[in-house]
Amino acid sequence: MEEGRAIATRNRQLKLFTNNSSNGWFAYRMKGWSHVVFEHPATFETLAMEPSKKEEIMNDLVKFKKGKEYYAKIGKAWKRGYLLYGPPGTGKSSMIAAMANFLNYDVYDLELTSVKDNTELRKLLIETTGKSIMVIEDIDCSLDLTGRRTKTTGKVGDEKAKQDTSTNKKDKPEENKSSHVTLSGLLNFIDGLWSACGGERIIVFTTNFVDKLDPALIRRGRMDKHIELSYCCYEAFKVLAKNYLGVESHELFPEIEKLLGETNMTPADVAENLMPKSTDEGVENCFNNLIQAIEVAKEEAKKKAEKEAKRKEEKEAKRKAKEEAEMKAEKEESQLEAERKQEEVDQKEMKSNGKSAEDTKENDLIH
Ligand SMILES: Nc1ncnc2c1ncn2[C@@H]1O[C@H](COP(=O)(O)OP(=O)(O)OP(=O)(O)O)[C@@H](O)[C@H]1O
């Protein structure tokens, strides 16, 4: 019976939920979430990254999935947070899909900018089910979450928290759009309500700029595991070569390994270049296309670095010239001041000399 249940779970159709905007004509008639069948083909096998890192993440997920009793024993909600960070095209979305397929979990893709306020966020949260991954992509762009937390109780719907957001809006009118979701609301959402909802939940935040995030948002306990997705290394390339061309070794591999060690290229770009452009394009051609593309990228990076170095040099030269001009002006100023003082002294001396000469004259006349 257990096994039958396991098979049923394995075969169940996964769903991808997205939250509906609460603005617009028919918003009042819509439910919080809409869903489609989730059919993303990415798996951990197709994911291009270092095998040891991949293994570590898979083990972490397995431990979580089997951890019901453990979480109950330690008195913590059965949830786990992941922060995926790295440049665009390094596989953050692919990783989420691989996680969902691996765990057989539904995905809730939460678009924060469409959420009107903390109350609505709360409603959305309550509507989600267990065995799911909640995804908030590009968290740094979704809201102004950086270091502007309110010092309120942080309760969902907190009035002060709302005011805090409206101040943000004043500062940066282009941000936040119509959303009044605050960082404190979101933090509360992760820690409190969502934890209380029970059962097997994963939350994933993604960002291209990890340094921009408020540390409170990504501290361990909220985001238990930080995973960096980075530029394509040789190991990742080998996964892509196997996926895209069915090739596990080739005489061009050493050259590609050397080039990838010298240049930053995303797995997305590597994959794009490996893909045959026509049905009769051979493996060697595809690898040569990639080599060419990496060489172009390398050249561009070199030019960019040179340009940057030149810009820095010019900036430094300007700074020095300004500093020198200021020093020169200061020197001239103090020289002028010294001359002015000397003139004053001379004049005083002249005056007193003239006076004593007159006195001598007068004295001579008396005698
Ligand atoms: N690590 C990877 N393994 C396998 N395929 C990858 C990887 N990274 C990127 N790709 C390929 O590039 C495409 C774009 O990648 P993906 O959307 O996962 O990147 P991302 O990091 O989420 O980008 P963004 O930050 O722009 O959302 C994917 O459809 C996939 O084909």
# chains A, B, ... in the order shown; residues from 1 in each chain; ligands from 1
>>> residues_around(residues="Glu39 in chain A", least_positions_apart="3", cutoff="10 Å", atoms="only C-alpha atoms", output="MDAnalysis selection string")
chainID A and resid 13:16 36 42 97 101
>>> write_last_selection(atoms="all heavy atoms", output="short mmCIF file (atom, residue, chain, number, x, y, z; two decimals), in the first residue's frame")
data_model
loop_
_atom_site.label_atom_id
_atom_site.label_comp_id
_atom_site.auth_asym_id
_atom_site.auth_seq_id
_atom_site.Cartn_x
_atom_site.Cartn_y
_atom_site.Cartn_z
N GLN A 13 0.66 14.51 -11.67
CA GLN A 13 1.02 15.62 -12.54
C GLN A 13 1.37 16.84 -11.70
O GLN A 13 0.59 17.23 -10.82
CB GLN A 13 -0.17 15.95 -13.42
CG GLN A 13 0.22 16.03 -14.86
CD GLN A 13 -0.98 16.16 -15.75
OE1 GLN A 13 -2.06 16.58 -15.31
NE2 GLN A 13 -0.81 15.84 -17.00
N LEU A 14 2.53 17.39 -11.93
CA LEU A 14 2.93 18.55 -11.15
C LEU A 14 2.24 19.80 -11.70
O LEU A 14 1.91 19.88 -12.88
CB LEU A 14 4.44 18.73 -11.19
CG LEU A 14 5.27 17.56 -10.66
CD1 LEU A 14 6.75 17.93 -10.63
CD2 LEU A 14 4.82 17.15 -9.27
N LYS A 15 2.06 20.76 -10.81
CA LYS A 15 1.38 21.99 -11.24
C LYS A 15 2.27 23.19 -11.01
O LYS A 15 3.04 23.23 -10.04
CB LYS A 15 0.09 22.18 -10.43
CG LYS A 15 -0.97 21.15 -10.74
CD LYS A 15 -2.21 21.42 -9.91
CE LYS A 15 -3.18 20.26 -10.02
NZ LYS A 15 -3.70 19.85 -8.74
N LEU A 16 2.12 24.14 -11.90
CA LEU A 16 2.83 25.41 -11.73
C LEU A 16 1.78 26.48 -11.47
O LEU A 16 0.92 26.77 -12.32
CB LEU A 16 3.63 25.75 -12.99
CG LEU A 16 4.20 27.16 -13.05
CD1 LEU A 16 5.26 27.38 -11.98
CD2 LEU A 16 4.81 27.43 -14.43
N VAL A 36 -1.14 25.84 -14.29
CA VAL A 36 -1.02 25.03 -15.51
C VAL A 36 -0.24 23.78 -15.11
O VAL A 36 0.33 23.72 -14.03
CB VAL A 36 -0.25 25.79 -16.63
CG1 VAL A 36 -1.04 26.95 -17.16
CG2 VAL A 36 1.12 26.24 -16.15
N ALA A 42 13.83 20.10 -17.13
CA ALA A 42 15.13 20.11 -16.44
C ALA A 42 15.17 19.12 -15.27
O ALA A 42 14.21 19.00 -14.51
CB ALA A 42 15.44 21.51 -15.92
N ALA A 97 13.38 24.01 -11.42
CA ALA A 97 12.63 22.96 -12.12
C ALA A 97 13.18 21.59 -11.77
O ALA A 97 12.41 20.64 -11.53
CB ALA A 97 12.70 23.21 -13.63
N ASN A 101 11.06 18.55 -10.05
CA ASN A 101 10.96 17.22 -10.66
C ASN A 101 11.56 16.15 -9.74
O ASN A 101 11.06 15.03 -9.68
CB ASN A 101 11.68 17.22 -12.01
CG ASN A 101 10.86 17.94 -13.07
OD1 ASN A 101 9.63 17.89 -13.07
ND2 ASN A 101 11.53 18.63 -13.98
#
>>> select_by_dssp(residues="range 106-349 of chain A", states="strand (DSSP E or B)", output="MDAnalysis selection string")
chainID A and resid 106:109 132:136 201:207 225:228
>>> residues_near_ligand(ligand="ligand 1", cutoff="6 Å", atoms="only C-alpha atoms and all ligand atoms", output="PyMOL selection string")
chain A and resi 46-49+87-94+267-268
>>> write_last_selection(atoms="all heavy atoms", output="compact mmCIF listing (two decimals), in the first residue's frame")
# COMPACT_ATOMS: atom_id res chain seq x y z
N THR A 46 20.38 16.83 -16.19
CA THR A 46 20.64 17.78 -17.29
C THR A 46 21.26 19.09 -16.81
O THR A 46 21.65 19.93 -17.62
CB THR A 46 19.34 18.11 -18.06
OG1 THR A 46 18.45 18.79 -17.18
CG2 THR A 46 18.68 16.88 -18.62
N LEU A 47 21.30 19.26 -15.52
CA LEU A 47 21.83 20.52 -14.96
C LEU A 47 23.35 20.55 -15.05
O LEU A 47 24.02 19.62 -14.58
CB LEU A 47 21.39 20.61 -13.50
CG LEU A 47 21.26 22.01 -12.93
CD1 LEU A 47 20.23 22.83 -13.67
CD2 LEU A 47 20.87 21.91 -11.46
N ALA A 48 23.85 21.62 -15.66
CA ALA A 48 25.31 21.71 -15.83
C ALA A 48 25.92 22.43 -14.65
O ALA A 48 25.80 23.64 -14.50
CB ALA A 48 25.61 22.46 -17.12
N MET A 49 26.54 21.67 -13.79
CA MET A 49 27.30 22.24 -12.68
C MET A 49 28.24 21.17 -12.12
O MET A 49 28.13 20.01 -12.49
CB MET A 49 26.38 22.81 -11.60
CG MET A 49 25.58 21.82 -10.80
SD MET A 49 24.33 22.59 -9.76
CE MET A 49 25.31 23.58 -8.67
N PRO A 87 24.87 35.19 -11.94
CA PRO A 87 24.51 36.02 -13.10
C PRO A 87 23.38 35.40 -13.92
O PRO A 87 23.13 34.19 -13.80
CB PRO A 87 25.81 36.05 -13.93
CG PRO A 87 26.88 35.51 -13.05
CD PRO A 87 26.23 34.66 -12.00
N PRO A 88 22.73 36.20 -14.75
CA PRO A 88 21.65 35.65 -15.60
C PRO A 88 22.20 34.55 -16.50
O PRO A 88 23.33 34.64 -16.98
CB PRO A 88 21.22 36.85 -16.46
CG PRO A 88 21.74 38.06 -15.76
CD PRO A 88 22.92 37.64 -14.97
N GLY A 89 21.38 33.52 -16.69
CA GLY A 89 21.77 32.44 -17.61
C GLY A 89 22.68 31.40 -17.01
O GLY A 89 23.33 30.64 -17.74
N THR A 90 22.74 31.34 -15.69
CA THR A 90 23.61 30.33 -15.07
C THR A 90 22.81 29.14 -14.54
O THR A 90 23.38 28.22 -13.97
CB THR A 90 24.47 30.94 -13.94
OG1 THR A 90 23.62 31.70 -13.08
CG2 THR A 90 25.54 31.84 -14.50
N GLY A 91 21.48 29.20 -14.70
CA GLY A 91 20.68 28.01 -14.40
C GLY A 91 19.85 28.07 -13.13
O GLY A 91 19.46 27.02 -12.61
N LYS A 92 19.51 29.27 -12.67
CA LYS A 92 18.73 29.37 -11.43
C LYS A 92 17.33 28.78 -11.64
O LYS A 92 16.87 27.96 -10.84
CB LYS A 92 18.66 30.82 -10.94
CG LYS A 92 20.04 31.35 -10.54
CD LYS A 92 20.00 32.76 -10.07
CE LYS A 92 19.70 33.78 -11.15
NZ LYS A 92 20.69 33.83 -12.24
N SER A 93 16.68 29.19 -12.74
CA SER A 93 15.33 28.67 -13.01
C SER A 93 15.40 27.17 -13.32
O SER A 93 14.51 26.41 -12.90
CB SER A 93 14.70 29.39 -14.21
OG SER A 93 14.76 30.77 -14.01
N SER A 94 16.43 26.77 -14.04
CA SER A 94 16.58 25.33 -14.36
C SER A 94 16.74 24.53 -13.07
O SER A 94 16.21 23.42 -12.94
CB SER A 94 17.79 25.09 -15.25
OG SER A 94 17.76 25.93 -16.38
N PRO A 267 26.46 29.05 -18.70
CA PRO A 267 26.01 27.78 -19.29
C PRO A 267 24.99 28.03 -20.40
O PRO A 267 24.95 27.29 -21.39
CB PRO A 267 25.37 27.05 -18.11
CG PRO A 267 26.04 27.60 -16.92
CD PRO A 267 26.33 29.03 -17.24
N ALA A 268 24.17 29.08 -20.25
CA ALA A 268 23.16 29.39 -21.29
C ALA A 268 23.86 29.69 -22.61
O ALA A 268 23.42 29.21 -23.68
CB ALA A 268 22.30 30.57 -20.85
>>> closest_residue(among="A:Glu228, A:Glu272, A:Glu337, A:Asp117", to="Val181 in chain A", atoms="only C-alpha atoms")
A:Asp117
>>> residues_around(residues="Gly81 in chain A", least_positions_apart="6", cutoff="6 Å", atoms="only C-alpha atoms", output="list in words")
Ile202, Ile203, Val204, Arg222, Met223 and Asp224 of chain A
>>> write_last_selection(atoms="C-alpha atoms", output="CSV table (one decimal), in the first residue's frame")
chain,number,residue,atom,x,y,z
A,202,ILE,CA,10.5,24.7,0.3
A,203,ILE,CA,11.0,28.4,-0.5
A,204,VAL,CA,13.4,29.5,-3.1
A,222,ARG,CA,15.3,31.8,6.7
A,223,MET,CA,17.5,30.8,3.8
A,224,ASP,CA,19.1,27.7,5.0
